[in-house]
>>> print(open('final_9.txt').read())   # compact mmCIF, N, CA and C atoms
# COMPACT_ATOMS: atom_id res chain seq x y z
N MET R 990 24.69 -18.48 -25.55
CA MET R 990 25.38 -18.99 -24.39
C MET R 990 24.38 -19.60 -23.42
N PHE R 991 24.75 -20.65 -22.80
CA PHE R 991 23.91 -21.38 -21.86
C PHE R 991 23.79 -20.60 -20.55
N SER R 992 22.56 -20.44 -20.08
CA SER R 992 22.34 -19.71 -18.85
C SER R 992 21.49 -20.56 -17.91
N LEU R 993 22.01 -20.82 -16.73
CA LEU R 993 21.27 -21.61 -15.75
C LEU R 993 20.01 -20.87 -15.29
N ARG R 994 20.08 -19.56 -15.20
CA ARG R 994 18.92 -18.76 -14.78
C ARG R 994 17.78 -18.91 -15.78
N LYS R 995 18.10 -18.80 -17.07
CA LYS R 995 17.07 -18.95 -18.11
C LYS R 995 16.49 -20.35 -18.10
N LEU R 996 17.34 -21.34 -17.89
CA LEU R 996 16.87 -22.72 -17.81
C LEU R 996 15.94 -22.90 -16.62
N TRP R 997 16.31 -22.33 -15.47
CA TRP R 997 15.48 -22.44 -14.27
C TRP R 997 14.13 -21.76 -14.48
N VAL R 998 14.10 -20.58 -15.08
CA VAL R 998 12.85 -19.88 -15.37
C VAL R 998 11.99 -20.71 -16.32
N TYR R 999 12.60 -21.29 -17.32
CA TYR R 999 11.88 -22.13 -18.27
C TYR R 999 11.26 -23.35 -17.59
N ILE R 1000 12.02 -24.02 -16.75
CA ILE R 1000 11.52 -25.21 -16.05
C ILE R 1000 10.36 -24.84 -15.14
N ARG R 1001 10.47 -23.74 -14.41
CA ARG R 1001 9.38 -23.30 -13.52
C ARG R 1001 8.14 -22.95 -14.31
N THR R 1002 8.30 -22.34 -15.47
CA THR R 1002 7.16 -21.96 -16.29
C THR R 1002 6.46 -23.18 -16.86
N VAL R 1003 7.21 -24.11 -17.40
CA VAL R 1003 6.64 -25.31 -18.00
C VAL R 1003 5.96 -26.19 -16.96
N SER R 1004 6.55 -26.28 -15.78
CA SER R 1004 5.98 -27.15 -14.74
C SER R 1004 4.82 -26.50 -14.00
N GLY R 1005 4.64 -25.20 -14.15
CA GLY R 1005 3.56 -24.50 -13.45
C GLY R 1005 3.95 -24.06 -12.06
N ASP R 1006 5.21 -24.15 -11.73
CA ASP R 1006 5.69 -23.80 -10.40
C ASP R 1006 5.57 -22.29 -10.13
N ASN R 1007 5.58 -21.48 -11.16
CA ASN R 1007 5.51 -20.03 -10.97
C ASN R 1007 4.09 -19.49 -11.17
N ASP R 1008 3.10 -20.35 -11.18
CA ASP R 1008 1.71 -19.91 -11.40
C ASP R 1008 1.25 -18.89 -10.37
N TYR R 1009 1.61 -19.09 -9.12
CA TYR R 1009 1.14 -18.17 -8.09
C TYR R 1009 1.77 -16.79 -8.27
N GLU R 1010 3.04 -16.73 -8.63
CA GLU R 1010 3.69 -15.44 -8.86
C GLU R 1010 3.05 -14.72 -10.05
N VAL R 1011 2.71 -15.47 -11.09
CA VAL R 1011 2.03 -14.89 -12.25
C VAL R 1011 0.65 -14.38 -11.84
N TYR R 1012 -0.05 -15.15 -11.01
CA TYR R 1012 -1.36 -14.73 -10.50
C TYR R 1012 -1.25 -13.42 -9.72
N LEU R 1013 -0.26 -13.32 -8.83
CA LEU R 1013 -0.10 -12.09 -8.04
C LEU R 1013 0.22 -10.90 -8.92
N GLU R 1014 1.07 -11.09 -9.91
CA GLU R 1014 1.41 -10.01 -10.83
C GLU R 1014 0.18 -9.55 -11.59
N ASN R 1015 -0.60 -10.51 -12.06
CA ASN R 1015 -1.85 -10.20 -12.76
C ASN R 1015 -2.83 -9.50 -11.84
N PHE R 1016 -2.91 -9.95 -10.60
CA PHE R 1016 -3.83 -9.38 -9.62
C PHE R 1016 -3.49 -7.90 -9.36
N ARG R 1017 -2.21 -7.61 -9.24
CA ARG R 1017 -1.78 -6.22 -8.99
C ARG R 1017 -2.05 -5.32 -10.18
N CYS R 1018 -1.94 -5.85 -11.38
CA CYS R 1018 -2.11 -5.04 -12.59
C CYS R 1018 -3.58 -4.82 -12.96
N CYS R 1019 -4.46 -5.72 -12.51
CA CYS R 1019 -5.85 -5.65 -12.91
C CYS R 1019 -6.60 -4.64 -12.05
N ARG R 1020 -7.25 -3.67 -12.67
CA ARG R 1020 -7.99 -2.65 -11.94
C ARG R 1020 -9.26 -3.19 -11.31
N LYS R 1021 -9.76 -4.30 -11.79
CA LYS R 1021 -10.99 -4.89 -11.29
C LYS R 1021 -10.83 -5.37 -9.84
N HIS R 1022 -9.62 -5.70 -9.42
CA HIS R 1022 -9.38 -6.28 -8.10
C HIS R 1022 -8.87 -5.27 -7.08
N ASN R 1023 -8.98 -3.99 -7.32
CA ASN R 1023 -8.39 -3.00 -6.43
C ASN R 1023 -8.88 -3.11 -4.99
N LYS R 1024 -10.12 -3.48 -4.76
CA LYS R 1024 -10.66 -3.51 -3.41
C LYS R 1024 -10.53 -4.88 -2.76
N ASP R 1025 -10.26 -5.90 -3.52
CA ASP R 1025 -10.16 -7.26 -3.00
C ASP R 1025 -8.73 -7.57 -2.56
N TYR R 1026 -8.60 -8.65 -1.82
CA TYR R 1026 -7.29 -9.14 -1.43
C TYR R 1026 -6.98 -10.37 -2.26
N PRO R 1027 -5.72 -10.57 -2.61
CA PRO R 1027 -5.38 -11.78 -3.39
C PRO R 1027 -5.53 -13.03 -2.54
N LEU R 1028 -5.72 -14.14 -3.20
CA LEU R 1028 -5.79 -15.43 -2.50
C LEU R 1028 -4.42 -15.75 -1.93
N SER R 1029 -4.41 -16.48 -0.83
CA SER R 1029 -3.14 -16.97 -0.30
C SER R 1029 -2.64 -18.07 -1.24
N ARG R 1030 -1.40 -18.45 -1.07
CA ARG R 1030 -0.83 -19.49 -1.92
C ARG R 1030 -1.64 -20.79 -1.79
N ALA R 1031 -2.01 -21.15 -0.56
CA ALA R 1031 -2.78 -22.39 -0.33
C ALA R 1031 -4.17 -22.28 -0.97
N GLU R 1032 -4.84 -21.13 -0.81
CA GLU R 1032 -6.16 -20.95 -1.40
C GLU R 1032 -6.09 -20.99 -2.93
N TYR R 1033 -5.04 -20.39 -3.48
CA TYR R 1033 -4.88 -20.37 -4.93
C TYR R 1033 -4.74 -21.79 -5.48
N PHE R 1034 -3.85 -22.58 -4.89
CA PHE R 1034 -3.65 -23.93 -5.40
C PHE R 1034 -4.84 -24.83 -5.12
N GLN R 1035 -5.56 -24.58 -4.02
CA GLN R 1035 -6.79 -25.34 -3.75
C GLN R 1035 -7.83 -25.05 -4.83
N SER R 1036 -7.98 -23.78 -5.22
CA SER R 1036 -8.94 -23.44 -6.27
C SER R 1036 -8.53 -24.04 -7.61
N LYS R 1037 -7.22 -24.11 -7.88
CA LYS R 1037 -6.76 -24.75 -9.12
C LYS R 1037 -7.07 -26.24 -9.12
N LEU R 1038 -6.87 -26.91 -7.98
CA LEU R 1038 -7.17 -28.34 -7.88
C LEU R 1038 -8.67 -28.59 -8.04
N GLU R 1039 -9.48 -27.78 -7.39
CA GLU R 1039 -10.93 -27.94 -7.51
C GLU R 1039 -11.38 -27.72 -8.95
N GLY R 1040 -10.82 -26.72 -9.61
CA GLY R 1040 -11.16 -26.47 -11.00
C GLY R 1040 -10.76 -27.60 -11.92
N LYS R 1041 -9.68 -28.27 -11.57
CA LYS R 1041 -9.20 -29.37 -12.40
C LYS R 1041 -10.00 -30.65 -12.19
N TRP R 1042 -10.38 -30.95 -10.95
CA TRP R 1042 -10.96 -32.25 -10.64
C TRP R 1042 -12.46 -32.24 -10.37
N ASN R 1043 -13.09 -31.10 -10.28
CA ASN R 1043 -14.54 -31.04 -10.03
C ASN R 1043 -15.35 -30.90 -11.30
N LYS R 1044 -14.98 -31.63 -12.30
CA LYS R 1044 -15.71 -31.65 -13.56
C LYS R 1044 -15.58 -33.03 -14.16
N ILE R 1045 -16.34 -33.27 -15.18
CA ILE R 1045 -16.25 -34.55 -15.86
C ILE R 1045 -14.98 -34.59 -16.69
N ASN R 1046 -14.15 -35.59 -16.44
CA ASN R 1046 -12.86 -35.70 -17.12
C ASN R 1046 -12.81 -36.89 -18.07
N ARG R 1047 -13.93 -37.27 -18.58
CA ARG R 1047 -13.96 -38.40 -19.51
C ARG R 1047 -14.91 -38.09 -20.66
N CYS R 1048 -14.86 -38.86 -21.67
CA CYS R 1048 -15.68 -38.57 -22.84
C CYS R 1048 -17.06 -39.21 -22.75
N CYS R 1049 -17.22 -40.30 -22.02
CA CYS R 1049 -18.50 -41.03 -22.01
C CYS R 1049 -19.07 -41.19 -20.62
>>> encode(input="final_9.txt", output="structure tokens")
Amino acid sequence: MFSLRKLWVYIRTVSGDNDYEVYLENFRCCRKHNKDYPLSRAEYFQSKLEGKWNKINRCC
């Protein structure tokens, strides 16, 4: 049966829209981060952009 909720979850996952929620869930589960604070949403996406664009993106 067709479910709009499942479709919405799928679209958010494929587009990367739920990346921050996945990061927070991972952060809470990881024992290594117990003393640290998670990144804010803006800091998280800024670090993702820097990781994507601060490297060589061509072959030659």
>>> atom_distance(input="final_9.txt", atom1="atom CA of R:Trp997", atom2="atom CA of R:Tyr1009")
16.2 Å
>>> axis_aligned_box(input="final_9.txt", around="stretch 991-998 of chain R", padding_each_side="6 Å", output="AutoDock Vina command-line options")
--center_x 18.4 --center_y -20.8 --center_z -18.5 --size_x 24.8 --size_y 16.1 --size_z 20.5
>>> atom_distance(input="final_9.txt", atom1="atom CA of R:Trp1042", atom2="atom CA of R:Lys1021")
27.4 Å
>>> atom_distance(input="final_9.txt", atom1="atom CA of R:Asn1043", atom2="atom CA of R:Asp1008")
19.7 Å
>>> select_by_dssp(input="final_9.txt", residues="chain R", states="helix (DSSP H, G or I)", output="count of residues only")
39
>>> decode(input="final_9.txt", residues="chain R", atoms="C-alpha atoms", output="short mmCIF file (atom, residue, chain, number, x, y, z; two decimals), in the first residue's frame")
data_model
loop_
_atom_site.label_atom_id
_atom_site.label_comp_id
_atom_site.auth_asym_id
_atom_site.auth_seq_id
_atom_site.Cartn_x
_atom_site.Cartn_y
_atom_site.Cartn_z
CA MET R 990 0.00 0.00 0.00
CA PHE R 991 1.17 3.50 -0.82
CA SER R 992 2.22 5.55 2.19
CA LEU R 993 2.90 9.27 2.02
CA ARG R 994 4.96 9.07 5.22
CA LYS R 995 7.29 6.44 3.74
CA LEU R 996 7.59 8.47 0.55
CA TRP R 997 8.43 11.61 2.55
CA VAL R 998 11.09 9.76 4.58
CA TYR R 999 12.57 8.35 1.37
CA ILE R 1000 12.72 11.77 -0.31
CA ARG R 1001 14.39 13.36 2.74
CA THR R 1002 16.94 10.54 2.91
CA VAL R 1003 17.83 10.65 -0.78
CA SER R 1004 18.07 14.44 -0.87
CA GLY R 1005 20.18 14.62 2.31
CA ASP R 1006 17.60 16.74 4.10
CA ASN R 1007 17.71 14.52 7.19
CA ASP R 1008 21.52 14.51 7.49
CA TYR R 1009 21.53 16.68 10.60
CA GLU R 1010 19.02 14.45 12.40
CA VAL R 1011 21.13 11.40 11.53
CA TYR R 1012 24.22 13.25 12.80
CA LEU R 1013 22.51 14.06 16.13
CA GLU R 1014 21.34 10.47 16.56
CA ASN R 1015 24.86 9.23 15.84
CA PHE R 1016 26.32 11.83 18.20
CA ARG R 1017 24.08 10.70 21.07
CA CYS R 1018 24.89 7.02 20.52
CA CYS R 1019 28.66 7.44 20.22
CA ARG R 1020 30.51 7.15 23.54
CA LYS R 1021 33.46 9.09 22.15
CA HIS R 1022 31.46 12.36 22.20
CA ASN R 1023 30.10 12.20 25.76
CA LYS R 1024 31.93 15.35 26.91
CA ASP R 1025 31.52 17.39 23.72
CA TYR R 1026 28.53 19.31 22.47
CA PRO R 1027 27.03 18.59 19.05
CA LEU R 1028 27.45 21.11 16.26
CA SER R 1029 24.57 23.46 15.62
CA ARG R 1030 22.62 22.95 12.42
CA ALA R 1031 24.43 25.90 10.77
CA GLU R 1032 27.87 24.67 11.91
CA TYR R 1033 27.10 21.16 10.69
CA PHE R 1034 26.09 22.25 7.20
CA GLN R 1035 29.01 24.71 7.02
CA SER R 1036 31.44 21.85 7.78
CA LYS R 1037 29.74 19.71 5.11
CA LEU R 1038 30.11 22.50 2.53
CA GLU R 1039 33.75 23.07 3.44
CA GLY R 1040 34.44 19.35 3.19
CA LYS R 1041 32.82 19.23 -0.22
CA TRP R 1042 34.41 22.32 -1.79
CA ASN R 1043 37.82 22.70 -0.07
CA LYS R 1044 39.52 20.00 -2.09
CA ILE R 1045 40.51 19.38 -5.65
CA ASN R 1046 37.38 18.43 -7.59
CA ARG R 1047 38.93 17.70 -10.95
CA CYS R 1048 41.12 15.04 -12.43
CA CYS R 1049 43.89 17.22 -13.94
#
